[in-house]
Amino acid sequence: MHNEVASFIDSKVSGANATVNNPENGDSSVSVDASKILEVCQALKNGEHEYNVLQVISAVDYVDYLELVYILASFSKNTELLLKVKLDRGNDNNLPSLESVTSVWSAANWQEREAYDMMGIRFNNHPDHRRILTPDDWEGYPLRKDYIVQEKYHDMVVNPEAKVNTADHMFMKKLKETYPDPKKVSGSWKSDDGDAAESEA
Amino acid sequence: MFEFVNEASEPIKSDLMTVNMGPQHPATHGVLRVEIQTDSEVVARATPHIGYLHRCMEKHCEHLDYRGVIPFTDRLDYLAAMNMEWTYVLAVEKMLKTEVPIRAEYVRVIIGELQRIASHLMFFGTYAIDLGAFTPFLYAFQDRENILRIFEEVSGARLLYNYIWVGGVWNDLTDDHLVRIENFLETFEESIKKYHKLVGENQIFISRTAHVGVISKDQVYDYGLTGPVLRGSGIDWDLRKNRPYSIYDKFEFDVIKGEGLKGQLGDCWDRYYVRMMEMHESIKIIRQALAGIEAGPVMGKVPKIIKPAKGEVYMRTECPRGELGIHLVSDGTKVPYRLKVKSSCFTHVSALGEMAPGMLIADLVASIGSIDIVLGEVDR
């Protein structure tokens with residue numbers, strides 16, 4: 001099924017470079033070029049595959065790059081599709097951006113706001129581009145692997161010493177020692193041994 | 001002599017007034033804030049603001065092992081915790097390709113459907129309160145208590161269970177439990193008919209809900225709405241039927257959908273009706289499961305440390321409030337690399353802004369109640 005979808009995308013949208021990912025474990029997916037996402041989504045919704053529902057937009061931080069997974073479903077054909085785009089990580093002043101698909105499915109409105117809020121991905125031509133779960137003036141993007149929580153928010157200490165669960169710190173430290181790639185371990189607080197500065201860089 | 005001069009030659013216009021409903025408001029079912037711009041009693045615009053219960057559960061899950069995540073999933077939709085953990089566990093099992101013993105599957109179905117009844121009862125009670133009737137709430141809680149008591153005995157907790165585990169369930173249902181569930185269903189089937197007569201056929205209730213908060217089929221697909229909201233708009237879709245997971249393909253049951261019996265198709269009354277009738281279908285499923293359950297183990301063979309191979313899965317199931325989706329990414333270690341929860345309540349709240357304009361404030365309360373949200377799942 002994924003091969004058909006990929007060739008369908010390529011035939012409808014030039015430059016989408018649809019490729020099929022068939023991992024050994026788990027679900028297959030189709031990757032497309034980030035710059036063509038709007039055209040691809042329009043084609044998938046209106047074309048023969050009838051992906052009439054956007055289930056969710058899930059953003060994943062792979063440290064070297066970010067990935068957006070658009071999970072589409074067709075309620076008429078009873079199928080599911082994982083559509084992926086790759087994005088550069090960018091930095092605070094220059095967030096990665098791509099075209100919003102709100103015009104295709106209204107469901108994308110809040111899903112994209114969440115992706116912006118949690119992962120720091122900008123969506124061009126979004127009708128209401130604000131944070132959604134955290135306050136509007138929050139700093140940083142919590143689900144990024146290098147996120148470190150701000151120390152103060154409106155003169156309030158975010159993690160007061162007396163309320164910090166030290167067991168979490170211990171667990172994080174242990175995890176960092178045992179995990180194959182310590183960079184991919186993401187606690188959102190600064191640890192004592194200064195590896196916070198390392199992951200920020 | 002007094003002379004009245006009418007300076008305004010234009011018709012009188014009133015200014016819009018901004019009113020905040022919530023975050024502490026009984027009709028918002030938790031900490032939802034709806035910023036309403038009203039023209040006297042009529043809502044001109046409603047903007048939902050969420051995040052007051054945000055705990056960043058997805059981040060927490062990134063440093064817990066696969067089993068440790070289960071209690072966190074309980075806290076998403078705390079009124080249907082069994083269904084939440086079931087979905088997550090199914091995602092992990094899909095990744096591990098684990099075989100679940102047949103008895104465990106039956107136990108899961110029984111428990112899951114009981115939880116659906118408990119959750120819909122909660123809707124029934126609180127929705128009546130939203131509309132000004134207190135008695136149904138007490139009726140609903142009486143019956144819900146019977147279910148929670150069984151859950152408490154079998155899992156040790158009343159609301160947040162950590163009962164469905166990877167590979168099976170934690171504890172077996174005894175024969176005594178099965179008999180009690182059967183007895184409960186017998187009395188419950190009668191009382192649910194009574195409740196529907198009491199509330200659903202009540203003229204005041206019909207006036208408050210029929211033709212109110214209508215969601216069309218196109219809007220359903222556009223916003224990705226699921227569950228009773230989708231079926232209330234007359235769409236024949238139920239994951240248990242259309243994409244059966246677990247052993248749902250073994251059971252006979254109907255998909256209830258709204259028909260616009262009292263008003264328009266897709267109004268609040270239809271959504272209420274779908275939930276009430278779904279409880280009857282749940283009773284049917286549980287009865288079949290009770291008849292078909294076989295003796296055997298309830299826990300399959302699962303490695304001591306769960307380490308799924310690299311990959312990702314998306315699993316969705318039919319929860320009481322809609323489809324819950326879990327997008328799980330593994331990088332081959334013992335902690336999930338990324339866990340994304342597709343929450344049905346989240347999408348339902350996002351449609352509120354489109355539903356609201358033009359309705360009365362009291363109707364907005366009825367609409368929020370009818371999409372039946374739990375803020376724990378909206379904010380995660």
# chains A, B, ... in the order shown; residues from 1 in each chain; ligands from 1

$ select_by_dssp --residues "range 86-267 of chain B" --states "strand (DSSP E or B)" --output "VMD selection string"
chain B and resid 164 to 165 168 to 169

$ closest_atom_pairs --of "range 322-353 of chain B" --to "range 93-112 of chain A" --cutoff "9 Å" --atoms "only C-alpha atoms" --output "JSON lines"
{"residue": "B:Phe346", "atom": "CA", "partner": "A:Trp110", "partner_atom": "CA", "distance": 8.4}
{"residue": "B:Thr347", "atom": "CA", "partner": "A:Ala107", "partner_atom": "CA", "distance": 6.8}
{"residue": "B:Ser350", "atom": "CA", "partner": "A:Trp110", "partner_atom": "CA", "distance": 6.6}
{"residue": "B:Ala351", "atom": "CA", "partner": "A:Ala107", "partner_atom": "CA", "distance": 8.1}

$ write_last_selection --atoms "N, CA, C and O atoms" --output "compact mmCIF listing (two decimals), in the first residue's frame"
# COMPACT_ATOMS: atom_id res chain seq x y z
N PHE B 346 -8.78 16.48 23.15
CA PHE B 346 -8.04 17.62 22.60
C PHE B 346 -8.66 18.08 21.29
O PHE B 346 -8.93 19.26 21.10
N THR B 347 -8.93 17.13 20.40
CA THR B 347 -9.53 17.51 19.13
C THR B 347 -10.96 18.00 19.31
O THR B 347 -11.40 18.89 18.61
N SER B 350 -10.95 21.55 20.32
CA SER B 350 -10.55 22.44 19.23
C SER B 350 -11.74 22.78 18.34
O SER B 350 -11.72 23.79 17.66
N ALA B 351 -12.76 21.92 18.32
CA ALA B 351 -13.92 22.21 17.48
C ALA B 351 -14.90 23.15 18.16
O ALA B 351 -15.83 23.63 17.52

$ closest_atom_pairs --of "chain A" --to "chain B" --cutoff "9 Å" --atoms "only C-alpha atoms" --output "JSON lines"
{"residue": "A:Pro23", "atom": "CA", "partner": "B:Gly311", "partner_atom": "CA", "distance": 6.5}
{"residue": "A:Glu24", "atom": "CA", "partner": "B:Gly311", "partner_atom": "CA", "distance": 7.5}
{"residue": "A:Asn25", "atom": "CA", "partner": "B:Gly311", "partner_atom": "CA", "distance": 5.3}
{"residue": "A:Gly26", "atom": "CA", "partner": "B:Glu312", "partner_atom": "CA", "distance": 5.1}
{"residue": "A:Asp27", "atom": "CA", "partner": "B:Val313", "partner_atom": "CA", "distance": 5.2}
{"residue": "A:Ser28", "atom": "CA", "partner": "B:Glu312", "partner_atom": "CA", "distance": 8.4}
{"residue": "A:Asn52", "atom": "CA", "partner": "B:Tyr221", "partner_atom": "CA", "distance": 6.3}
{"residue": "A:Val53", "atom": "CA", "partner": "B:Gly224", "partner_atom": "CA", "distance": 5.3}
{"residue": "A:Leu54", "atom": "CA", "partner": "B:Gly224", "partner_atom": "CA", "distance": 6.0}
{"residue": "A:Gln55", "atom": "CA", "partner": "B:Gly224", "partner_atom": "CA", "distance": 6.2}
{"residue": "A:Val56", "atom": "CA", "partner": "B:Lys342", "partner_atom": "CA", "distance": 5.9}
{"residue": "A:Ile57", "atom": "CA", "partner": "B:Lys342", "partner_atom": "CA", "distance": 8.5}
{"residue": "A:Ser58", "atom": "CA", "partner": "B:Lys340", "partner_atom": "CA", "distance": 6.3}
{"residue": "A:Ala59", "atom": "CA", "partner": "B:Lys340", "partner_atom": "CA", "distance": 8.2}
{"residue": "A:Val60", "atom": "CA", "partner": "B:Arg338", "partner_atom": "CA", "distance": 6.7}
{"residue": "A:Asp61", "atom": "CA", "partner": "B:Arg338", "partner_atom": "CA", "distance": 8.2}
{"residue": "A:Ile71", "atom": "CA", "partner": "B:Tyr314", "partner_atom": "CA", "distance": 8.4}
{"residue": "A:Phe75", "atom": "CA", "partner": "B:Trp237", "partner_atom": "CA", "distance": 7.7}
{"residue": "A:Asn78", "atom": "CA", "partner": "B:Asn242", "partner_atom": "CA", "distance": 7.5}
{"residue": "A:Leu82", "atom": "CA", "partner": "B:Tyr314", "partner_atom": "CA", "distance": 8.4}
{"residue": "A:Val104", "atom": "CA", "partner": "B:Asp222", "partner_atom": "CA", "distance": 8.1}
{"residue": "A:Trp105", "atom": "CA", "partner": "B:Asp222", "partner_atom": "CA", "distance": 5.1}
{"residue": "A:Ser106", "atom": "CA", "partner": "B:Tyr223", "partner_atom": "CA", "distance": 5.2}
{"residue": "A:Ala107", "atom": "CA", "partner": "B:Tyr223", "partner_atom": "CA", "distance": 4.2}
{"residue": "A:Ala108", "atom": "CA", "partner": "B:Tyr223", "partner_atom": "CA", "distance": 7.9}
{"residue": "A:Asn109", "atom": "CA", "partner": "B:Ser350", "partner_atom": "CA", "distance": 8.2}
{"residue": "A:Trp110", "atom": "CA", "partner": "B:Ser350", "partner_atom": "CA", "distance": 6.6}
{"residue": "A:Gln111", "atom": "CA", "partner": "B:Thr347", "partner_atom": "CA", "distance": 8.5}
{"residue": "A:Ile132", "atom": "CA", "partner": "B:Ile50", "partner_atom": "CA", "distance": 6.7}
{"residue": "A:Leu133", "atom": "CA", "partner": "B:Gly51", "partner_atom": "CA", "distance": 4.1}
{"residue": "A:Thr134", "atom": "CA", "partner": "B:Gly51", "partner_atom": "CA", "distance": 6.1}
{"residue": "A:Pro135", "atom": "CA", "partner": "B:Gly51", "partner_atom": "CA", "distance": 8.0}
{"residue": "A:Pro142", "atom": "CA", "partner": "B:Lys59", "partner_atom": "CA", "distance": 7.6}
{"residue": "A:Leu143", "atom": "CA", "partner": "B:Lys59", "partner_atom": "CA", "distance": 6.1}
{"residue": "A:Phe171", "atom": "CA", "partner": "B:His63", "partner_atom": "CA", "distance": 8.5}
{"residue": "A:Met172", "atom": "CA", "partner": "B:His63", "partner_atom": "CA", "distance": 7.5}
{"residue": "A:Leu175", "atom": "CA", "partner": "B:His63", "partner_atom": "CA", "distance": 8.0}
{"residue": "A:Tyr179", "atom": "CA", "partner": "B:Thr333", "partner_atom": "CA", "distance": 7.5}
{"residue": "A:Pro180", "atom": "CA", "partner": "B:Thr333", "partner_atom": "CA", "distance": 8.1}
{"residue": "A:Lys184", "atom": "CA", "partner": "B:Tyr337", "partner_atom": "CA", "distance": 8.3}
{"residue": "A:Val185", "atom": "CA", "partner": "B:His63", "partner_atom": "CA", "distance": 7.5}
{"residue": "A:Ser186", "atom": "CA", "partner": "B:Glu62", "partner_atom": "CA", "distance": 7.4}
{"residue": "A:Gly187", "atom": "CA", "partner": "B:His63", "partner_atom": "CA", "distance": 7.7}
{"residue": "A:Ser188", "atom": "CA", "partner": "B:Lys59", "partner_atom": "CA", "distance": 8.6}

$ residues_around --residues "Asp270 in chain B" --least-positions-apart "2" --cutoff "7 Å" --atoms "only C-alpha atoms" --output "ChimeraX atom specification"
/B:232,258-260,265-268,272-274

$ write_last_selection --atoms "N, CA and C atoms" --output "mmCIF file, in the first residue's frame"
data_model
loop_
_atom_site.group_PDB
_atom_site.id
_atom_site.type_symbol
_atom_site.label_atom_id
_atom_site.label_comp_id
_atom_site.auth_asym_id
_atom_site.auth_seq_id
_atom_site.Cartn_x
_atom_site.Cartn_y
_atom_site.Cartn_z
ATOM 1 N N GLY B 232 -22.611 10.461 16.854
ATOM 2 C CA GLY B 232 -23.773 11.314 17.064
ATOM 3 C C GLY B 232 -24.151 12.065 15.805
ATOM 4 N N GLY B 258 -26.314 8.511 15.793
ATOM 5 C CA GLY B 258 -27.398 9.466 15.958
ATOM 6 C C GLY B 258 -28.330 9.454 14.766
ATOM 7 N N GLU B 259 -29.595 9.702 15.018
ATOM 8 C CA GLU B 259 -30.569 9.708 13.929
ATOM 9 C C GLU B 259 -31.378 10.995 13.914
ATOM 10 N N GLY B 260 -31.056 11.912 14.802
ATOM 11 C CA GLY B 260 -31.840 13.148 14.859
ATOM 12 C C GLY B 260 -33.263 12.895 15.318
ATOM 13 N N LEU B 265 -29.908 16.121 13.176
ATOM 14 C CA LEU B 265 -28.826 15.146 13.235
ATOM 15 C C LEU B 265 -27.547 15.819 13.733
ATOM 16 N N GLY B 266 -26.915 15.219 14.733
ATOM 17 C CA GLY B 266 -25.652 15.755 15.226
ATOM 18 C C GLY B 266 -25.811 16.796 16.310
ATOM 19 N N ASP B 267 -26.952 16.862 16.943
ATOM 20 C CA ASP B 267 -27.097 17.835 18.036
ATOM 21 C C ASP B 267 -26.748 17.175 19.377
ATOM 22 N N CYS B 268 -26.860 17.958 20.436
ATOM 23 C CA CYS B 268 -26.449 17.463 21.751
ATOM 24 C C CYS B 268 -27.259 16.234 22.156
ATOM 25 N N TYR B 272 -25.933 12.518 23.394
ATOM 26 C CA TYR B 272 -26.401 11.905 24.635
ATOM 27 C C TYR B 272 -26.978 10.521 24.344
ATOM 28 N N TYR B 273 -27.779 10.445 23.305
ATOM 29 C CA TYR B 273 -28.464 9.198 22.946
ATOM 30 C C TYR B 273 -27.440 8.098 22.599
ATOM 31 N N VAL B 274 -26.419 8.471 21.826
ATOM 32 C CA VAL B 274 -25.400 7.494 21.438
ATOM 33 C C VAL B 274 -24.744 6.893 22.676
#

$ select_by_dssp --residues "range 13-162 of chain B" --states "helix (DSSP H, G or I)" --output "VMD selection string"
chain B and resid 26 to 28 57 to 61 70 to 74 81 to 96 102 to 130 135 to 155

$ residues_around --residues "Tyr78 in chain B" --least-positions-apart "5" --cutoff "9 Å" --atoms "only C-alpha atoms" --output "tab-separated table (two decimals) with all heavy atoms, in the first residue's frame"
chain	number	residue	atom	x	y	z
B	73	THR	N	-0.24	6.72	32.03
B	73	THR	CA	-1.34	6.73	31.07
B	73	THR	C	-2.68	6.72	31.79
B	73	THR	O	-3.66	7.23	31.27
B	73	THR	CB	-1.26	5.53	30.13
B	73	THR	OG1	-1.25	4.34	30.91
B	73	THR	CG2	-0.04	5.57	29.26
B	84	MET	N	-7.26	3.72	28.74
B	84	MET	CA	-6.03	4.43	28.44
B	84	MET	C	-4.84	3.48	28.49
B	84	MET	O	-4.03	3.41	27.58
B	84	MET	CB	-5.81	5.56	29.44
B	84	MET	CG	-6.85	6.63	29.44
B	84	MET	SD	-6.79	7.67	28.00
B	84	MET	CE	-8.45	7.49	27.42
B	159	LEU	N	-9.63	4.31	41.02
B	159	LEU	CA	-9.66	5.12	39.80
B	159	LEU	C	-8.44	4.93	38.90
B	159	LEU	O	-8.56	4.85	37.70
B	159	LEU	CB	-9.77	6.61	40.17
B	159	LEU	CG	-11.11	7.06	40.70
B	159	LEU	CD1	-11.03	8.48	41.18
B	159	LEU	CD2	-12.18	6.94	39.64
B	160	LEU	N	-7.27	4.86	39.50
B	160	LEU	CA	-6.04	4.77	38.71
B	160	LEU	C	-5.43	3.39	38.97
B	160	LEU	O	-4.84	3.16	40.01
B	160	LEU	CB	-5.10	5.90	39.10
B	160	LEU	CG	-5.77	7.28	39.04
B	160	LEU	CD1	-4.97	8.31	39.80
B	160	LEU	CD2	-5.95	7.72	37.61
B	374	VAL	N	-12.44	15.40	29.26
B	374	VAL	CA	-11.73	15.28	30.53
B	374	VAL	C	-10.41	16.03	30.34
B	374	VAL	O	-9.65	15.76	29.43
B	374	VAL	CB	-11.48	13.80	30.87
B	374	VAL	CG1	-10.41	13.67	31.93
B	374	VAL	CG2	-12.75	13.17	31.37
B	376	GLY	N	-7.70	16.13	31.91
B	376	GLY	CA	-6.45	15.39	32.06
B	376	GLY	C	-5.96	14.88	30.73
B	376	GLY	O	-4.76	14.78	30.48
B	377	GLU	N	-6.89	14.54	29.85
B	377	GLU	CA	-6.50	14.02	28.54
B	377	GLU	C	-6.24	15.17	27.57
B	377	GLU	O	-5.41	15.04	26.67
B	377	GLU	CB	-7.61	13.11	28.01
B	377	GLU	CG	-7.16	12.20	26.88
B	377	GLU	CD	-8.33	11.51	26.19
B	377	GLU	OE1	-9.39	11.35	26.81
B	377	GLU	OE2	-8.16	11.14	25.03

$ closest_residue --among "A:Asp168, A:Asp117, A:Glu139, A:Asp88" --to "His154 in chain A" --atoms "only C-alpha atoms"
A:Glu139

$ residues_around --residues "Ala73 in chain A" --least-positions-apart "5" --cutoff "6 Å" --atoms "only C-alpha atoms" --output "list of chain:residue names"
A:Tyr51, A:Val53, A:Thr79, A:Glu80

$ atom_distance --atom1 "CA of Leu148 in chain B" --atom2 "CA of Thr98 in chain B"
29.1 Å

$ atom_distance --atom1 "CA of Pro182 in chain A" --atom2 "CA of Tyr62 in chain A"
12.7 Å

$ atom_distance --atom1 "CA of His169 in chain A" --atom2 "CA of Gly140 in chain A"
20.5 Å
